[in-house]
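Remarks on the structure that follows.
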Amino acid sequence: MTKETTPVRLSDYRAPDYAIDTVSLDFSLAPTATQVTAQLAMRPNTPGAPLVLDGDEVKLIAISINEEYIPSSAYEATPQQLTIKAPPREPFTLEIVTEINPKANTKLMGLYLSNGNYCTQCEAEGFRRITYFLDRPDVLAVYTTRIEASKAAAPVLLSNGNRIDGGDIPGTTRHFAVWHDPFPKPSYLFAAVAGDLGLVEDSFTTMSGREVALHIYCEHGKEARCAYAMDALKRSMGWDETAFGREYDLDIFMIVAVSDFNMGAMENKGLNVFNDKYVLADPDIATDADYAGIETVIAHEYFHNWTGDRITCRDWFQLCLKEGLTVFRDQEFSSDERSRGVKRIADVRTLLARQFPEDAGPLAHPVRPEVYSEINNFYTATVYDKGAEVIRMLKAILGEDGFRAGMDLYFERHDGQAVTIEDFLASFADATGKDLSQFKLWYSQAGTPEVTAEGRYDARRQTYSLSLKQSIPPTPGQQTKSPMHIPVRFGLVGPNGADLAFTSATGGGVEDDVIHLTEAAQTIVFEGVSAPPVPSLLRGFSAPVKIATGLSQTDQLFLLRTDADAFNRWRASQQIAIQTLIAETAAVRSGAQSKLDPAFVDALAEVAEDDSLEPAFRAQILQLPGEADIAREIGHDVDPAAIAGARKRLMAMVASRIGKRLADLAERTGNVGDYSPDAASAGRRALANAALALTVGQAAPEAIGRIVARFESADNMTDRLAALSILASNGFEERIAALETFQDRYRDDPLGLDKWLMLEAVVPLETTLDRVKALTTHPAFSLTNPNRIRALIGGFAGSNQTQFNRPDGAGYDFFADFVLDLDKRNPQTAARLLVSFRSWKALEAGRRALAEKALRRIAASDSLSSDTRDIVTRTLA
């Protein structure tokens, strides 16, 4: 039967009845019967209260207080909880001995085996699968960890902190290591790793002159693939010192790459555990996007050392305080390392694809939720991506100096504490004197604000009046919303493409290039404007809102060609394309002739050929909105087949009108010499591949042949995969041989096989569903490996709009069957897959009914995990 879960509410928070000052752990590792001895130095906050400790499938072996075993009548123990009825009223030492089975732990939470190596994952509530504990983020303790294991099976023994002892155990074939972490931390940051692993070593000298040893562990034979991760780590450490004044604090920093991991990576103090896809790279296996992803995730987890580890969350409702803040920090790092404008476009693409649909559907929730049933399901795009946007807005409102002053005060005031959003914002308010009470609504109100703008120019008075209105649509549990503080970066673009000056602005707060929209409606009057402007609003995507400017296509084309803000040039191209494709979708549904305007296509070619612009930026311009983007913008009565048809029409026009020019552009820019993942080289490859992708819209043999030739001659994964993606995503017959060649090349490399499985899953043909079903029994696929599942099943449900949303419902039925089966093994991964249904209510009536039927079949299961039950219940609500 499904375990009933009690909703957890922010309003019900209360401090723990007991504190834990120190934790001494002793692991005696064995695959099916690992014994864990935990000594906890405890202190009552509420003397006389029962001590209730969390557990999850653990077996109690022994328990004692102050070295005396306590009778069974003094406690109650189940696999899920340990209650000591009357603990001492003074500080005491509690010792608990438990037994766990790492080999059987398919949930990949707690301690489990991955390819013969022991690994832990404790966030959010995995530590309770190791021993009974106060498994909550506001219980901070100093940890000392002893690990012993077979020396042959596990020559490497790692845990948090600095190694203080170790050696062979006399008379046995086992050895041990002892690690001590001097910094108090919550249990979710605990980590232990043991196994037979390869090692890459380096060092970093901090700004105060301390030398830190850097270790990256991986499978033997893959050490060379760790070089870029090590380089990214060293750059991250230096950047954090310069940008935020944060220096690393231990003698060693370690990364372990494992193949079986539910998440991308985990910031355990001093011992980060990574999904190996975010560590391992060489030109043959990793694309430019993979290299960028490694750089981002390495930086993200390292930056957590201060924003997450040294300062952590009081409770899980404050999750955005570490995740949103740290996403912002890694975005800033990558922006400084690469191209700020291009990075901003890429980040907003992710936000629009992941978070905006979440805000618009049944899974919408505030950046700081008020209630949850299963915390694992709140590691969401809203917490991470929108959480980062909230930090970015805070910086826009306070300015560079004010933001840095607030961060400095936050670090100084709260080091070593578990804190709240209120604590965080108070640091900025106190450092700058700003009232942030209205800004705080961004943390409590769900939904994407919608802003409308209307401008009027008075030539006689030389004034420009800009009227702005904001509203937030209803979301689950929140029908009415209050106006937000929305920073709108802007420019008034004059006839020559340069920003016009103005002498004054009245009617609202305007500071430098930021309009502070704080009311439901405001009209800003700019005086001294010498010519009629075209407003460039929300520059740099200064707030996560939808904005309707009412600009004509002529004005949008003008901004595409001239705007000084790279992001708004890109957004102008996207808005024209989206408006075009929405109209064309309606034409497809009604059987009307195409009404495509070639002016936009001509402008695309003009910008793509402008060598004064970064190649990476031009590549972004050439990436037309995908089918999911159009569905998101239509928002209701969505017909995926009609959207696909409209996009094919536009692609055909592009190929017909500018295909030759794009092919020539690809020829000029595609050959960048020996492979290097640097930003400039990656940008040139991106431009060539984006241009080639737009040449095949008419399925001309010459154009397809060009793609096949590029696939066959590619000397790096970026170009090889780009060409194969074009063949697969268009369903060209030539994909079959190319996919077979690709699969044969990477048959022994899981990272390559993930790419192959994904491409097989996204082919937009009716035969793909049967192909995906067949691949679930392929030797390359594994139900125990989340990466394989995300590639094949996640790729099908998330990236194949027409075949997942088949009008006969077969895609939904297959997916529901798979989720129900997977839920028995790995509930976290099953629940995250199920998010693919988040926009089902926006579908046209026939598909909507079939999607609901599949969801209700999942919900009817009497053995669902709490993770999957929570998602399906909220999705149907």
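Following the order of the structure tokens, chains are lettered A, B, ..., residues in each are numbered from 1, and ligands are numbered from 1.
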
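Excluding range 429-432 of chain A itself and any same-chain residue fewer than 5 positions from it, the protein and nucleic acid residues within 9 Å of it, counting only C-alpha atoms, are Leu398, Gly402, Phe403, Ala405, Gly406, Met407, Asp408 and Leu409 of chain A.
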
Fill in: Selection: 7 Å around Ala194 in chain A, only C-alpha atoms, excl. self and same-chain fewer than 5 positions, as a list of chain:residue names
A:Asn117, A:Tyr118, A:Cys119, A:Ala154, A:Val156, A:Leu157, A:Leu158

Please provide as a PDB file with C-alpha atoms, in the first residue's frame all residues within 12 Å of Lys595 in chain A, with the sequence filter that same-chain residues fewer than 6 positions apart are discarded (counting only C-alpha atoms).
ATOM      1  CA  GLN A 579       4.226  35.152 -33.736  1.00  0.00           C
ATOM      2  CA  THR A 580       4.816  33.806 -37.238  1.00  0.00           C
ATOM      3  CA  LEU A 581       4.611  30.193 -36.116  1.00  0.00           C
ATOM      4  CA  ILE A 582       1.499  30.716 -34.006  1.00  0.00           C
ATOM      5  CA  ALA A 583      -0.278  32.190 -37.026  1.00  0.00           C
ATOM      6  CA  GLU A 584       1.033  29.406 -39.251  1.00  0.00           C
ATOM      7  CA  THR A 585      -0.137  26.766 -36.769  1.00  0.00           C
ATOM      8  CA  ALA A 586      -3.651  28.174 -37.013  1.00  0.00           C
ATOM      9  CA  ALA A 587      -3.361  28.049 -40.794  1.00  0.00           C
ATOM     10  CA  VAL A 588      -2.291  24.397 -40.690  1.00  0.00           C
ATOM     11  CA  ALA A 646       3.866  25.012 -39.155  1.00  0.00           C
ATOM     12  CA  ARG A 649       6.630  25.264 -43.482  1.00  0.00           C
ATOM     13  CA  LEU A 650       8.915  27.917 -41.998  1.00  0.00           C
ATOM     14  CA  MET A 653      10.938  28.790 -46.624  1.00  0.00           C
TER      15      MET A 653
END

Discussion item. My list of candidates is A:Pro701, A:Gly161, A:Pro102, A:Gly264. Which is closest to Asn787 in chain A when distances are computed with only C-alpha atoms?
Written reply: A:Gly264

Worksheet item: Asp336 in chain A: which residues within 12 Å, counting only C-alpha atoms, same-chain residues fewer than 4 positions away excluded, as a PyMOL selection string?
Response: chain A and resi 235-236+239-240+242-243+296+329-332+340-344+679

Emit the selected residues as a compact mmCIF listing (two decimals), in the first residue's frame, including N, CA, C and O atoms.
# COMPACT_ATOMS: atom_id res chain seq x y z
N ARG A 235 39.68 27.43 -11.87
CA ARG A 235 39.16 28.74 -12.27
C ARG A 235 38.02 29.18 -11.36
O ARG A 235 37.90 30.37 -11.03
N SER A 236 37.20 28.23 -10.93
CA SER A 236 36.10 28.55 -10.01
C SER A 236 36.62 29.08 -8.68
O SER A 236 36.09 30.05 -8.13
N TRP A 239 37.92 32.60 -9.16
CA TRP A 239 36.84 33.56 -9.41
C TRP A 239 36.09 33.89 -8.13
O TRP A 239 35.75 35.06 -7.88
N ASP A 240 35.82 32.89 -7.29
CA ASP A 240 35.06 33.14 -6.07
C ASP A 240 35.84 34.04 -5.11
O ASP A 240 35.24 34.83 -4.37
N THR A 242 37.84 36.47 -6.12
CA THR A 242 37.79 37.82 -6.69
C THR A 242 36.38 38.40 -6.64
O THR A 242 36.19 39.56 -6.24
N ALA A 243 35.39 37.63 -7.05
CA ALA A 243 34.03 38.15 -7.20
C ALA A 243 33.29 38.27 -5.88
O ALA A 243 32.46 39.17 -5.71
N THR A 296 29.99 24.68 -15.67
CA THR A 296 28.92 25.24 -14.85
C THR A 296 28.69 24.43 -13.58
O THR A 296 28.59 24.98 -12.47
N ARG A 329 25.32 32.48 -8.94
CA ARG A 329 26.77 32.60 -8.87
C ARG A 329 27.44 31.83 -10.00
O ARG A 329 28.40 32.32 -10.62
N ASP A 330 26.95 30.64 -10.32
CA ASP A 330 27.60 29.90 -11.41
C ASP A 330 27.30 30.55 -12.76
O ASP A 330 28.14 30.52 -13.67
N GLN A 331 26.12 31.17 -12.91
CA GLN A 331 25.83 31.88 -14.15
C GLN A 331 26.77 33.08 -14.33
O GLN A 331 27.26 33.34 -15.44
N GLU A 332 27.03 33.79 -13.24
CA GLU A 332 27.94 34.93 -13.32
C GLU A 332 29.36 34.47 -13.65
O GLU A 332 30.08 35.11 -14.43
N ARG A 340 29.08 37.15 -21.96
CA ARG A 340 27.97 37.47 -21.07
C ARG A 340 26.64 37.49 -21.81
O ARG A 340 25.63 36.95 -21.34
N GLY A 341 26.60 38.10 -22.98
CA GLY A 341 25.34 38.17 -23.72
C GLY A 341 24.85 36.81 -24.15
O GLY A 341 23.66 36.49 -24.02
N VAL A 342 25.75 35.99 -24.68
CA VAL A 342 25.36 34.66 -25.15
C VAL A 342 24.96 33.78 -23.97
O VAL A 342 23.99 33.01 -24.05
N LYS A 343 25.68 33.87 -22.88
CA LYS A 343 25.33 33.10 -21.68
C LYS A 343 23.95 33.49 -21.18
O LYS A 343 23.15 32.63 -20.77
N ARG A 344 23.64 34.77 -21.22
CA ARG A 344 22.33 35.21 -20.76
C ARG A 344 21.22 34.62 -21.63
O ARG A 344 20.19 34.16 -21.13
N ALA A 679 35.70 29.33 -25.80
CA ALA A 679 34.44 29.96 -26.20
C ALA A 679 34.45 30.39 -27.66
O ALA A 679 33.45 30.24 -28.36

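Residues with any atom within 12 Å of Glu68 in chain A, counting only C-alpha atoms and excluding same-chain neighbours fewer than 3 positions away, are A:Ala62, A:Ile63, A:Ser64, A:Ile65, A:Pro71, A:Phe92, A:Thr93, A:Leu94, A:Glu95, A:Ile96.
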
Practice prompt. Could you give me, as an NGL selection string, the residues within 10 Å of Tyr379 in chain A, counting only C-alpha atoms and dropping anything in the same chain fewer than 5 positions from it?
Written response: :A and (124 or 263 or 319-320 or 323 or 384 or 832)

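Residue nearest Gly794 in chain A within the list A:Asp754, A:Glu527, A:Asp196, A:Asp821: A:Asp754 [criterion: smallest interatomic distance, only C-alpha atoms].
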
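Of the listed residues (A:Ile515, A:Ile311, A:Met207, A:Ala693), A:Ala693 comes nearest to Ala652 in chain A; the distances count only C-alpha atoms.
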